[in-house]
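Structure file target25.txt with compact mmCIF, C-alpha atoms:
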# COMPACT_ATOMS: atom_id res chain seq x y z
CA GLY A 905 61.74 92.29 105.86
CA MET A 906 59.14 90.37 103.89
CA LYS A 907 55.49 90.48 104.86
CA HIS A 908 53.03 87.77 103.90
CA PRO A 909 50.10 88.66 101.64
CA THR A 910 46.92 89.82 103.35
CA SER A 911 45.53 86.30 102.85
CA GLY A 912 48.01 85.14 105.49
CA ASP A 913 49.82 82.66 103.20
CA LEU A 914 53.13 82.11 104.99
CA THR A 915 54.57 80.08 102.11
CA VAL A 916 54.56 83.15 99.86
CA MET A 917 56.48 85.10 102.53
CA LEU A 918 59.06 82.34 103.01
CA ASN A 919 59.50 82.07 99.22
CA SER A 920 60.18 85.83 99.20
CA VAL A 921 62.79 85.48 101.94
CA HIS A 922 64.49 82.71 99.96
CA ALA A 923 64.47 84.77 96.75
CA ALA A 924 65.92 87.82 98.50
CA GLN A 925 68.69 85.79 100.12
CA ILE A 926 70.11 84.36 96.88
CA PRO A 927 72.24 86.17 94.25
CA HIS A 928 70.56 87.74 91.21
CA VAL A 929 71.63 89.20 87.89
CA PHE A 930 69.25 91.56 86.10
CA ILE A 931 69.14 94.53 83.76
CA TYR A 932 68.34 97.95 85.24
CA ASN A 933 68.34 101.12 83.11
CA GLY A 934 70.36 99.29 80.48
CA TRP A 935 73.02 98.14 82.94
CA GLN A 936 73.64 94.60 84.10
CA VAL A 937 73.33 94.48 87.87
CA ARG A 938 74.68 91.65 90.00
CA THR A 939 73.63 91.25 93.64
CA SER A 940 74.92 88.84 96.24
CA GLY A 941 71.54 88.54 97.96
CA ASN A 942 70.67 89.71 101.44
CA PRO A 943 71.37 87.03 104.09
CA PHE A 944 69.46 89.08 106.67
CA THR A 945 66.11 89.09 104.88
CA HIS A 946 63.48 88.14 107.47
CA CYS A 947 59.75 87.58 108.01
CA ILE A 948 57.21 90.11 109.28
CA VAL A 949 53.86 88.71 110.43
CA ARG A 950 51.00 91.20 110.31
CA GLY A 951 47.83 89.16 110.66
CA ALA A 952 45.52 88.44 107.76
CA MET A 953 42.02 88.92 106.38
CA ASN A 954 39.57 86.14 105.62
CA GLN A 955 37.29 86.02 102.59
CA PHE A 956 34.70 88.10 104.46
CA GLY A 957 37.13 90.92 105.18
CA LEU A 958 37.53 90.04 108.85
CA SER A 959 40.94 90.31 110.48
CA PHE A 960 42.59 87.37 112.17
CA PRO A 961 45.87 87.54 114.07
CA ASN A 962 48.97 85.41 113.61
CA TYR A 963 51.11 86.55 116.55
CA HIS A 964 49.93 83.96 119.08
CA TYR A 965 52.31 81.35 120.52
CA GLU A 966 51.06 78.56 118.23
CA ASN A 967 51.22 80.79 115.11
CA LEU A 968 54.80 81.80 115.82
CA HIS A 969 55.84 78.18 116.45
CA ARG A 970 54.24 77.09 113.20
CA LEU A 971 56.15 79.75 111.27
CA ALA A 972 59.38 78.88 113.10
CA ASP A 973 58.95 75.23 112.09
CA MET A 974 58.29 76.22 108.46
CA TYR A 975 61.33 78.49 108.54
CA MET A 976 63.65 75.80 109.89
CA LYS A 977 62.53 73.21 107.33
CA ARG A 978 63.72 75.55 104.57
CA ASN A 979 67.21 76.07 106.01
CA LEU A 980 67.08 79.81 105.34
CA LEU A 981 69.91 82.02 106.58
CA ASN A 982 69.64 83.99 109.84
CA PRO A 983 66.05 83.02 110.72
CA ALA A 984 64.18 85.98 112.18
CA ILE A 985 60.55 86.95 112.74
CA ILE A 986 59.32 90.46 113.45
CA VAL A 987 55.74 90.78 114.75
CA ASP A 988 53.72 93.71 113.44
CA THR A 989 51.52 94.60 116.42
CA ASN A 990 49.07 96.64 114.33
CA HIS A 991 47.20 96.04 111.08
CA ALA A 992 45.24 92.76 111.00
CA ASN A 993 47.03 91.53 114.14
CA SER A 994 45.26 94.26 116.12
CA GLY A 995 42.04 94.13 114.11
CA LYS A 996 43.06 97.63 112.96
CA ASN A 997 42.74 98.89 116.55
CA PHE A 998 46.07 100.61 117.20
CA ARG A 999 45.37 100.80 120.95
CA GLU A 1000 45.73 96.99 121.13
CA GLN A 1001 49.44 97.19 120.26
CA PRO A 1002 50.77 97.26 123.85
CA ARG A 1003 48.73 94.18 124.80
CA ILE A 1004 49.90 92.33 121.68
CA ALA A 1005 53.53 93.34 122.25
CA MET A 1006 53.43 91.97 125.80
CA GLU A 1007 51.77 88.73 124.66
CA VAL A 1008 54.58 88.22 122.15
CA MET A 1009 57.13 88.84 124.89
CA HIS A 1010 55.43 86.24 127.12
CA SER A 1011 55.44 83.77 124.21
CA ARG A 1012 59.18 84.34 123.73
CA ALA A 1013 59.83 83.87 127.44
CA GLY A 1014 58.02 80.51 127.37
CA SER A 1015 59.91 79.00 124.45
CA ASP A 1016 63.61 78.76 123.63
CA THR A 1017 62.67 78.42 119.95
CA LEU A 1018 60.69 81.65 119.96
CA LYS A 1019 63.32 83.41 122.05
CA SER A 1020 65.87 82.66 119.35
CA ILE A 1021 63.76 83.46 116.28
CA VAL A 1022 61.37 86.27 117.29
CA LYS A 1023 63.74 89.22 117.05
CA GLY A 1024 61.50 92.24 117.35
CA LEU A 1025 58.23 94.09 117.19
CA MET A 1026 56.93 96.53 114.60
CA ILE A 1027 54.89 99.16 116.43
CA GLU A 1028 52.95 101.97 114.73
CA SER A 1029 53.91 105.09 116.64
CA TYR A 1030 54.01 108.83 116.03
CA LEU A 1031 54.06 111.99 118.13
CA VAL A 1032 50.28 112.44 118.35
CA GLU A 1033 47.90 109.50 118.83
CA GLY A 1034 45.54 108.46 116.04
CA SER A 1035 45.53 109.66 112.46
CA GLN A 1036 44.20 112.50 110.34
CA GLU A 1037 43.23 113.22 106.77
CA VAL A 1038 46.03 114.29 104.41
CA SER A 1039 44.61 117.81 104.64
CA GLY A 1040 44.82 117.71 108.46
CA LYS A 1041 46.76 120.36 110.32
CA THR A 1042 47.94 118.43 113.40
CA PHE A 1043 51.73 118.40 113.50
CA GLY A 1044 53.11 114.97 114.36
CA GLN A 1045 49.96 112.96 113.63
CA SER A 1046 49.91 110.21 111.02
CA ILE A 1047 48.16 110.71 107.70
CA THR A 1048 48.09 106.96 107.07
CA ASP A 1049 47.43 104.31 109.76
CA PRO A 1050 46.38 105.37 113.26
CA CYS A 1051 49.34 105.22 115.65
CA LEU A 1052 50.14 105.21 119.34
CA GLY A 1053 51.13 108.64 120.56
CA TRP A 1054 54.43 109.59 122.19
CA GLU A 1055 53.25 108.98 125.78
CA SER A 1056 51.76 105.55 125.04
CA THR A 1057 54.86 104.56 123.10
CA GLU A 1058 57.11 105.63 125.95
CA GLN A 1059 55.04 103.61 128.45
CA LEU A 1060 55.20 100.55 126.18
CA VAL A 1061 58.96 100.80 125.66
CA LEU A 1062 59.48 101.07 129.42
CA ARG A 1063 57.24 98.01 130.00
CA LEU A 1064 59.22 96.06 127.39
CA ILE A 1065 62.52 97.02 129.00
CA LYS A 1066 61.24 96.05 132.45
CA PHE A 1067 60.06 92.70 131.06
CA LEU A 1068 63.41 92.03 129.40
CA MET A 1069 65.28 92.90 132.59
CA LYS A 1070 63.39 90.10 134.37
CA GLU A 1071 64.34 87.49 131.74

For the file at hand, write its structure as structure tokens.
Amino acid sequence: GMKHPTSGDLTVMLNSVHAAQIPHVFIYNGWQVRTSGNPFTHCIVRGAMNQFGLSFPNYHYENLHRLADMYMKRNLLNPAIIVDTNHANSGKNFREQPRIAMEVMHSRAGSDTLKSIVKGLMIESYLVEGSQEVSGKTFGQSITDPCLGWESTEQLVLRLIKFLMKE
């Protein structure tokens, strides 16, 4: 999956998808390497930061449609969007992830285009909610980004399943 830069420039992300999908020949450790490209390279939207360091989301219905339109104009293989429910999309508030996940699901339900191209959610989850310093001693708690804990993750997965069962 290719994420866009923190500026939110979707063109850079789509260029990356294109580059990853085509064959390449390069030298690695003195050997010539030939790749066929990855036809399943896809986009991951994570929100962005403006010039003042403020987060702004790009998971809303209109944002996803805009990206879908950009995607289709490029005729890329296997179009797919994954929505990162944390990072700038949540304003760095990991507890917002369930609300964002459900909004994305409602957007998919309201649009055949989004239903076909939005393929999944990226959710920050670990055993213990939150995060800790690298020197922390809590087993199962992130030392990087704050995450949903096991119970919250379980509740969210069950809500997503219930939602999908209604579709």

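Take the candidates A:Gly995, A:Gly912, A:Pro927, A:Pro1002 and check each one against Glu1058 of chain A using all atoms listed in the file; the shortest distance goes to A:Pro1002.
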
So the first atom is atom CA of Pro1050 of chain A and the second is atom CA of Glu1033 of chain A; what is the distance between them in Å, to one decimal place?
7.1 Å

Calculated over only C-alpha atoms, which of the candidates A:Asn954, A:Gln925, A:Asn982, A:Ser940 has the smallest distance to Pro909 of chain A?
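For Pro909 of chain A, the nearest of the candidates is A:Asn954.
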
Hey, which of A:Glu1055, A:His1010, A:Phe960, A:Lys996 ends up closest to Glu1071 of chain A? Count all atoms listed in the file.
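With all atoms listed in the file as the atom set, the closest residue is A:His1010.
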
Counting only C-alpha atoms, which residue out of A:Leu914, A:Arg999, A:His928, A:Ile986 sits closest to Asp973 of chain A?
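Closest to Asp973 of chain A of all the choices is A:Leu914.
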
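The environment of Leu980 of chain A within 9 Å, counting all atoms listed in the file and disregarding residues fewer than 3 places along the same chain, consists of Leu918, Val921, His922, Gln925, Pro943, Tyr975, Met976, Lys977 and Pro983 of chain A.
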
Do a neighbour search on Ile1004 of chain A at 8 Å with only C-alpha atoms, toss out local chain neighbours closer than 2 positions, and write the hits as a list in words.
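My list of contacting residues is Tyr963, Thr989, Ser994, Glu1000, Gln1001, Pro1002, Met1006, Glu1007 and Val1008 of chain A.
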
Proximity to Ser1035 of chain A - best of A:Thr1017, A:Gln1059, A:Asn997, A:Ser959, all atoms listed in the file:
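Among the listed residues, A:Asn997 lies closest to Ser1035 of chain A.
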
Under the rule that only C-alpha atoms are counted, which of A:Gln936, A:Ser911, A:Leu1062, A:Asn919 is the nearest residue to Asn979 of chain A?
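Looking at the shortest contact to Asn979 of chain A, the residue is A:Asn919.
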
Hey, can you check how far atom CA of Ala1013 of chain A sits from atom CA of Thr910 of chain A?
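One can read the atom CA of Ala1013 of chain A to atom CA of Thr910 of chain A distance as 28.0 Å.
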
Complete segment 1050-1061 of chain A at the level of all heavy atoms, written as a PDB file, keeping the file's coordinate frame.
ATOM      1  N   PRO A1050      46.380 104.816 111.897  1.00  0.00           N
ATOM      2  CA  PRO A1050      46.380 105.370 113.260  1.00  0.00           C
ATOM      3  C   PRO A1050      47.539 104.776 114.070  1.00  0.00           C
ATOM      4  O   PRO A1050      47.865 103.603 113.929  1.00  0.00           O
ATOM      5  CB  PRO A1050      45.040 104.928 113.835  1.00  0.00           C
ATOM      6  CG  PRO A1050      44.198 104.579 112.672  1.00  0.00           C
ATOM      7  CD  PRO A1050      45.131 104.108 111.601  1.00  0.00           C
ATOM      8  N   CYS A1051      48.142 105.601 114.900  1.00  0.00           N
ATOM      9  CA  CYS A1051      49.340 105.220 115.650  1.00  0.00           C
ATOM     10  C   CYS A1051      49.178 105.512 117.142  1.00  0.00           C
ATOM     11  O   CYS A1051      48.387 106.369 117.532  1.00  0.00           O
ATOM     12  CB  CYS A1051      50.532 106.042 115.168  1.00  0.00           C
ATOM     13  SG  CYS A1051      50.974 105.801 113.450  1.00  0.00           S
ATOM     14  N   LEU A1052      49.989 104.828 117.940  1.00  0.00           N
ATOM     15  CA  LEU A1052      50.140 105.210 119.340  1.00  0.00           C
ATOM     16  C   LEU A1052      50.802 106.576 119.376  1.00  0.00           C
ATOM     17  O   LEU A1052      51.632 106.890 118.518  1.00  0.00           O
ATOM     18  CB  LEU A1052      51.036 104.215 120.080  1.00  0.00           C
ATOM     19  CG  LEU A1052      50.535 102.793 120.266  1.00  0.00           C
ATOM     20  CD1 LEU A1052      51.611 101.955 120.956  1.00  0.00           C
ATOM     21  CD2 LEU A1052      49.252 102.763 121.054  1.00  0.00           C
ATOM     22  N   GLY A1053      50.474 107.358 120.377  1.00  0.00           N
ATOM     23  CA  GLY A1053      51.130 108.640 120.560  1.00  0.00           C
ATOM     24  C   GLY A1053      52.418 108.480 121.348  1.00  0.00           C
ATOM     25  O   GLY A1053      52.776 107.382 121.807  1.00  0.00           O
ATOM     26  N   TRP A1054      53.128 109.587 121.522  1.00  0.00           N
ATOM     27  CA  TRP A1054      54.430 109.590 122.190  1.00  0.00           C
ATOM     28  C   TRP A1054      54.339 109.009 123.602  1.00  0.00           C
ATOM     29  O   TRP A1054      55.148 108.168 123.994  1.00  0.00           O
ATOM     30  CB  TRP A1054      54.964 111.030 122.235  1.00  0.00           C
ATOM     31  CG  TRP A1054      56.318 111.121 122.858  1.00  0.00           C
ATOM     32  CD1 TRP A1054      56.612 111.461 124.142  1.00  0.00           C
ATOM     33  CD2 TRP A1054      57.563 110.848 122.228  1.00  0.00           C
ATOM     34  NE1 TRP A1054      57.962 111.429 124.350  1.00  0.00           N
ATOM     35  CE2 TRP A1054      58.577 111.051 123.185  1.00  0.00           C
ATOM     36  CE3 TRP A1054      57.918 110.445 120.937  1.00  0.00           C
ATOM     37  CZ2 TRP A1054      59.925 110.876 122.901  1.00  0.00           C
ATOM     38  CZ3 TRP A1054      59.268 110.277 120.661  1.00  0.00           C
ATOM     39  CH2 TRP A1054      60.239 110.489 121.633  1.00  0.00           C
ATOM     40  N   GLU A1055      53.352 109.445 124.393  1.00  0.00           N
ATOM     41  CA  GLU A1055      53.250 108.980 125.780  1.00  0.00           C
ATOM     42  C   GLU A1055      52.995 107.480 125.854  1.00  0.00           C
ATOM     43  O   GLU A1055      53.627 106.767 126.640  1.00  0.00           O
ATOM     44  CB  GLU A1055      52.154 109.743 126.539  1.00  0.00           C
ATOM     45  CG  GLU A1055      52.447 111.213 126.748  1.00  0.00           C
ATOM     46  CD  GLU A1055      52.120 112.088 125.522  1.00  0.00           C
ATOM     47  OE1 GLU A1055      51.408 111.612 124.602  1.00  0.00           O
ATOM     48  OE2 GLU A1055      52.592 113.233 125.483  1.00  0.00           O
ATOM     49  N   SER A1056      52.056 106.987 125.037  1.00  0.00           N
ATOM     50  CA  SER A1056      51.760 105.550 125.040  1.00  0.00           C
ATOM     51  C   SER A1056      52.951 104.735 124.580  1.00  0.00           C
ATOM     52  O   SER A1056      53.223 103.651 125.098  1.00  0.00           O
ATOM     53  CB  SER A1056      50.562 105.249 124.122  1.00  0.00           C
ATOM     54  OG  SER A1056      49.418 105.902 124.581  1.00  0.00           O
ATOM     55  N   THR A1057      53.669 105.257 123.596  1.00  0.00           N
ATOM     56  CA  THR A1057      54.860 104.560 123.100  1.00  0.00           C
ATOM     57  C   THR A1057      55.921 104.494 124.183  1.00  0.00           C
ATOM     58  O   THR A1057      56.536 103.445 124.406  1.00  0.00           O
ATOM     59  CB  THR A1057      55.416 105.286 121.853  1.00  0.00           C
ATOM     60  OG1 THR A1057      54.388 105.318 120.857  1.00  0.00           O
ATOM     61  CG2 THR A1057      56.645 104.575 121.314  1.00  0.00           C
ATOM     62  N   GLU A1058      56.124 105.600 124.873  1.00  0.00           N
ATOM     63  CA  GLU A1058      57.110 105.630 125.950  1.00  0.00           C
ATOM     64  C   GLU A1058      56.747 104.607 127.034  1.00  0.00           C
ATOM     65  O   GLU A1058      57.612 103.847 127.498  1.00  0.00           O
ATOM     66  CB  GLU A1058      57.191 107.031 126.553  1.00  0.00           C
ATOM     67  CG  GLU A1058      58.197 107.141 127.676  1.00  0.00           C
ATOM     68  CD  GLU A1058      58.229 108.521 128.307  1.00  0.00           C
ATOM     69  OE1 GLU A1058      57.173 109.176 128.416  1.00  0.00           O
ATOM     70  OE2 GLU A1058      59.326 108.940 128.692  1.00  0.00           O
ATOM     71  N   GLN A1059      55.482 104.564 127.427  1.00  0.00           N
ATOM     72  CA  GLN A1059      55.040 103.610 128.450  1.00  0.00           C
ATOM     73  C   GLN A1059      55.288 102.174 127.980  1.00  0.00           C
ATOM     74  O   GLN A1059      55.741 101.335 128.756  1.00  0.00           O
ATOM     75  CB  GLN A1059      53.560 103.811 128.757  1.00  0.00           C
ATOM     76  CG  GLN A1059      53.264 105.083 129.504  1.00  0.00           C
ATOM     77  CD  GLN A1059      51.773 105.359 129.598  1.00  0.00           C
ATOM     78  OE1 GLN A1059      50.934 104.546 129.213  1.00  0.00           O
ATOM     79  NE2 GLN A1059      51.429 106.533 130.107  1.00  0.00           N
ATOM     80  N   LEU A1060      54.996 101.901 126.702  1.00  0.00           N
ATOM     81  CA  LEU A1060      55.200 100.550 126.180  1.00  0.00           C
ATOM     82  C   LEU A1060      56.682 100.190 126.161  1.00  0.00           C
ATOM     83  O   LEU A1060      57.059  99.094 126.585  1.00  0.00           O
ATOM     84  CB  LEU A1060      54.602 100.422 124.767  1.00  0.00           C
ATOM     85  CG  LEU A1060      54.846  99.090 124.059  1.00  0.00           C
ATOM     86  CD1 LEU A1060      54.371  97.905 124.892  1.00  0.00           C
ATOM     87  CD2 LEU A1060      54.180  99.105 122.691  1.00  0.00           C
ATOM     88  N   VAL A1061      57.519 101.076 125.696  1.00  0.00           N
ATOM     89  CA  VAL A1061      58.960 100.800 125.660  1.00  0.00           C
ATOM     90  C   VAL A1061      59.483 100.528 127.076  1.00  0.00           C
ATOM     91  O   VAL A1061      60.253  99.574 127.290  1.00  0.00           O
ATOM     92  CB  VAL A1061      59.729 101.948 124.980  1.00  0.00           C
ATOM     93  CG1 VAL A1061      61.236 101.804 125.180  1.00  0.00           C
ATOM     94  CG2 VAL A1061      59.392 102.006 123.495  1.00  0.00           C
TER      95      VAL A1061
END
